[in-house]
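The block underneath contains the structure these notes are about, expressed in structure tokens.
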Amino acid sequence: MRHHNLALVMGTVAGHGPVSRAAVAGHTGLTRAAVSSLVDELLAAGLLTELGPAANGRVGRPGSALMVSDRGPAGLGLEVGVEHLGVCVTDLRGQVRAWTVVDSPNAALPPAEVLARLSALADDATADVAGLGLRPVAAVMAVPGLVADASGTVGSAPNLGWHDVPVADLWPGALPPRVENEANLGALAELWAHPVASDFIHVSAESGIGAALVVGGRLFTGARGLAGELGHMPVHPDGPPCSCGARGCLEQYAAKAAVLRTAGLPSPSAPTTPGVEPRMTALSPDLGAAPSRQQAAPSGSGDPPVTPSGSGGTPADSLYDSGAPGRQAALPYGVAAGEAGHREAAPSSGSRGLRAGLPAALPYGPKGVSAEGRATVPDAHEAGLPAVSSDPGIPVAGLLVDPDAPGAGIQERSGGWGGRMPGPDGIGLLAARAREGDARVVAALEEAGRALGTALAGAVNLLDPAAVVLGGAYAELGEWLVPPIRRELAARVTVREWDPEALTVSELGRRGPLLGAALATVRSVLEDPAALWA
């Protein structure tokens, strides 16, 4: 019961802070004496902080305002892409305090070497944020592959060349990470930071094409945790062979490498030199000079935090490169008339609460959630950290890295990425050429959009989501992909009503998986703070 009440108080402060003890008692229904005891325990653990007297408009001595601490426990997010490695540290307020991305030719390296490089970057980030009083308490790693069990073994990541890779056994450093699929983490980041609905499909492109399904505010992963392989949905049964062994998969028509090939453009590759090549470093906006590799960012600076209300905050542009193998073939699609342009879909008014048989790595429990999206009576998790939860009940703030903020130290290079990252990037090249009116590039993006629309029409007809969100690299190409996708959805989703505005573009872009990996630990701490000292 005390674990439950600690979680209840922690969630209340996270959702309503700064807030007094009396206000916490009012929100939770606990007695003031019980709240005071629980708050003292959370203060001693460094999870909460007191800001001073809280103005309440009442006669008498004001209570001290409580807020989730921006020091102490932190979340460590890790990412392995085909051509990059990433590390992110967030505090319990969800503020990004360290962010590092480097080029690394991971598909050409043994898994042990890739993990050694990533571990070294994680150690550097941990050392840097220690100067800010932060200590990562758990790590979650995003990978572009199938993770079917709680052991953290990557069963299959074709674009990395990984098969049955035991990440925990190969990890050389502290905090062996829990491994999760990158598309799932990208969808969770979207749900926590910029939710458009409680039921949506999140589709993204990185090394390939992935999707995640959120139902009733929870991630649906399927009976074995392998749901979401949209990139391997067939769109042409006699199409070109795919790296998965099948033919005519969506990735052969709409992945980055396929679009570049159709457009007649080269596919930039990551450095193949033995060392790790720095690619981008950035932290929260209040930075002085541009960091040379990685730098810890001060808290309490820059734009206000982003909460899951969808009402404001700092939009985070996208950051990474992506690619996929395969040959291009003509698409036998018909095109229906439709509108161009896109905007954010309205939030869903409810959910069906569908539950899946979820793997042990994703122990989602039911929560009470108010109409405002606040936690009411969260269940205490029995699993150890970091148990990734998809429940939006406890708002997680986030100073998402803003590359356009003064002093952020990120300059736009030839790639032209939304994330302003230096280095070669096919997505940036496609976007730049399309803006210049390159007819061949525009036609290639049109063809990719038709393929995506065909695959998504099947998903929409089967699953009936309230919204479809284009994330990852697709977010940067939304201007050209959204119109053909909408036309295909209009032509193929005919047995039910479908609002074309329900297709929206993510504000997180390629930041999603890495940010979601870091926030997963934050969510776990907020939902079960006692697990830190259990």
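Please note that chains go A, B, ... in the order of the structure tokens, that every chain numbers its residues from 1, and that ligands are numbered from 1 in the order shown.
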
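The set of residues in range 75-132 of chain A assigned to helix (DSSP H, G or I) by DSSP, using only backbone atoms of this structure, is Asn106, Ala107, Ala108, Pro111, Ala112, Glu113, Val114, Leu115, Ala116, Arg117, Leu118, Ser119, Ala120, Leu121, Ala122, Asp123, Asp124, Ala125, Thr126, Ala127, Asp128, Val129 and Ala130 of chain A.
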
Give me the range 103-201 of chain A side of the contact with range 511-516 of chain A, cut-off 8 Å, one line per residue showing its nearest atom pair and distance in Å at one decimal, counting only C-alpha atoms, sorted by chain and residue number, as JSON lines.
{"residue": "A:Met141", "atom": "CA", "partner": "A:Leu514", "partner_atom": "CA", "distance": 7.8}
{"residue": "A:Ala142", "atom": "CA", "partner": "A:Pro513", "partner_atom": "CA", "distance": 6.2}
{"residue": "A:Glu182", "atom": "CA", "partner": "A:Pro513", "partner_atom": "CA", "distance": 5.2}
{"residue": "A:Ala183", "atom": "CA", "partner": "A:Pro513", "partner_atom": "CA", "distance": 6.7}
{"residue": "A:Asn184", "atom": "CA", "partner": "A:Pro513", "partner_atom": "CA", "distance": 7.6}
{"residue": "A:Leu185", "atom": "CA", "partner": "A:Pro513", "partner_atom": "CA", "distance": 4.8}
{"residue": "A:Gly186", "atom": "CA", "partner": "A:Pro513", "partner_atom": "CA", "distance": 4.1}
{"residue": "A:Ala187", "atom": "CA", "partner": "A:Gly512", "partner_atom": "CA", "distance": 7.3}
{"residue": "A:Leu188", "atom": "CA", "partner": "A:Gly516", "partner_atom": "CA", "distance": 6.0}
{"residue": "A:Ala189", "atom": "CA", "partner": "A:Gly516", "partner_atom": "CA", "distance": 4.4}
{"residue": "A:Glu190", "atom": "CA", "partner": "A:Gly512", "partner_atom": "CA", "distance": 6.9}

So that I can check the surroundings of Ala434 in chain A, please list as a list in words every protein, DNA and RNA residue that reaches within 10 Å of it, counting only C-alpha atoms and ignoring chain neighbours fewer than 2 positions away. Gly428, Leu429, Leu430, Ala431, Ala432, Glu436, Gly437, Asp438, Ala439, Arg440, Val441, Val442, Ala443, Ala444, Leu445, Leu477, Glu479 and Trp480 of chain A

I'd like the contact shell of range 485-495 of chain A - 12 Å cut-off, only C-alpha atoms, skipping same-chain residues fewer than 2 positions apart - returned as a PyMOL selection string. chain A and resi 254+333-342+445-465+468-470+474+477-483+497-505

Which of range 90-197 of chain A end up as strand (DSSP E or B) when DSSP is run on this backbone - answer as a PyMOL selection string? chain A and resi 90-91+96-103+134-143+146-147+153-157+162-166+178-181

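Of the residues under consideration (A:Thr521, A:Ser119, A:Ser37, A:Ser156), A:Thr521 shows the shortest atom-to-atom contact distance to Leu76 in chain A when counting only C-alpha atoms.
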
For Ala122 in chain A, work out the shell of residues within 10 Å, counting only C-alpha atoms and skipping chain neighbours fewer than 5 positions away, then give it as number ranges by chain. A: 76-78, 86-89, 100, 116-117, 127-128, 136, 139, 173-175

Restricting the output to N, CA and C atoms, write the selected residues as a short mmCIF file (atom, residue, chain, number, x, y, z; two decimals), in the first residue's frame.
data_model
loop_
_atom_site.label_atom_id
_atom_site.label_comp_id
_atom_site.auth_asym_id
_atom_site.auth_seq_id
_atom_site.Cartn_x
_atom_site.Cartn_y
_atom_site.Cartn_z
N LEU A 76 18.42 7.27 -18.97
CA LEU A 76 19.45 7.17 -20.00
C LEU A 76 18.86 6.47 -21.21
N GLY A 77 18.77 7.19 -22.32
CA GLY A 77 18.29 6.62 -23.56
C GLY A 77 19.45 6.33 -24.50
N LEU A 78 19.40 5.19 -25.16
CA LEU A 78 20.45 4.77 -26.09
C LEU A 78 19.79 4.37 -27.41
N GLY A 86 23.29 6.93 -30.67
CA GLY A 86 22.75 8.07 -29.95
C GLY A 86 22.66 7.82 -28.46
N VAL A 87 22.83 8.90 -27.70
CA VAL A 87 22.70 8.85 -26.24
C VAL A 87 21.94 10.09 -25.80
N CYS A 88 21.00 9.90 -24.90
CA CYS A 88 20.21 11.01 -24.36
C CYS A 88 20.02 10.80 -22.87
N VAL A 89 20.14 11.87 -22.09
CA VAL A 89 19.85 11.83 -20.66
C VAL A 89 18.75 12.84 -20.37
N THR A 100 23.70 13.27 -27.51
CA THR A 100 24.86 13.02 -28.37
C THR A 100 24.48 12.07 -29.48
N ALA A 116 30.20 -1.68 -27.59
CA ALA A 116 31.32 -1.08 -26.88
C ALA A 116 31.39 0.42 -27.17
N ARG A 117 31.17 0.80 -28.42
CA ARG A 117 31.18 2.22 -28.78
C ARG A 117 30.04 2.95 -28.07
N ALA A 127 29.11 10.80 -17.08
CA ALA A 127 30.10 11.63 -16.38
C ALA A 127 29.76 13.10 -16.52
N ASP A 128 29.30 13.52 -17.69
CA ASP A 128 28.98 14.93 -17.90
C ASP A 128 27.81 15.38 -17.03
N PRO A 136 21.97 8.60 -13.96
CA PRO A 136 21.05 7.66 -14.62
C PRO A 136 20.85 6.42 -13.77
N ALA A 139 18.71 2.26 -18.08
CA ALA A 139 18.91 2.60 -19.49
C ALA A 139 17.96 1.77 -20.35
N GLY A 173 29.57 -2.12 -20.15
CA GLY A 173 29.59 -1.07 -19.14
C GLY A 173 28.57 -1.26 -18.05
N ALA A 174 28.38 -0.19 -17.29
CA ALA A 174 27.38 -0.20 -16.23
C ALA A 174 25.99 -0.05 -16.85
N LEU A 175 24.96 -0.31 -16.06
CA LEU A 175 23.58 -0.19 -16.48
C LEU A 175 23.28 -0.91 -17.80
#

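The interatomic distance for the pair CA of Val203 in chain A and CA of Met233 in chain A works out to 12.6 Å.
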
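Among the candidates A:Gly155, A:Gly72, A:Gly161, A:Pro18, the one nearest to Gly52 in chain A when counting only C-alpha atoms is A:Pro18.
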
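Shortest separation to Val167 in chain A among A:Val101, A:Leu250, A:Ala108, A:Val80 occurs at residue A:Val80, atoms counted being only C-alpha atoms.
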
Which value, in Å to one decimal, gives the distance between CA of Gly11 in chain A and CA of Thr90 in chain A? 17.2 Å

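Using only C-alpha atoms for every distance, the candidate list A:Ala22, A:Val82, A:Ala530, A:Leu109 yields A:Val82 as the residue closest to Asn159 in chain A.
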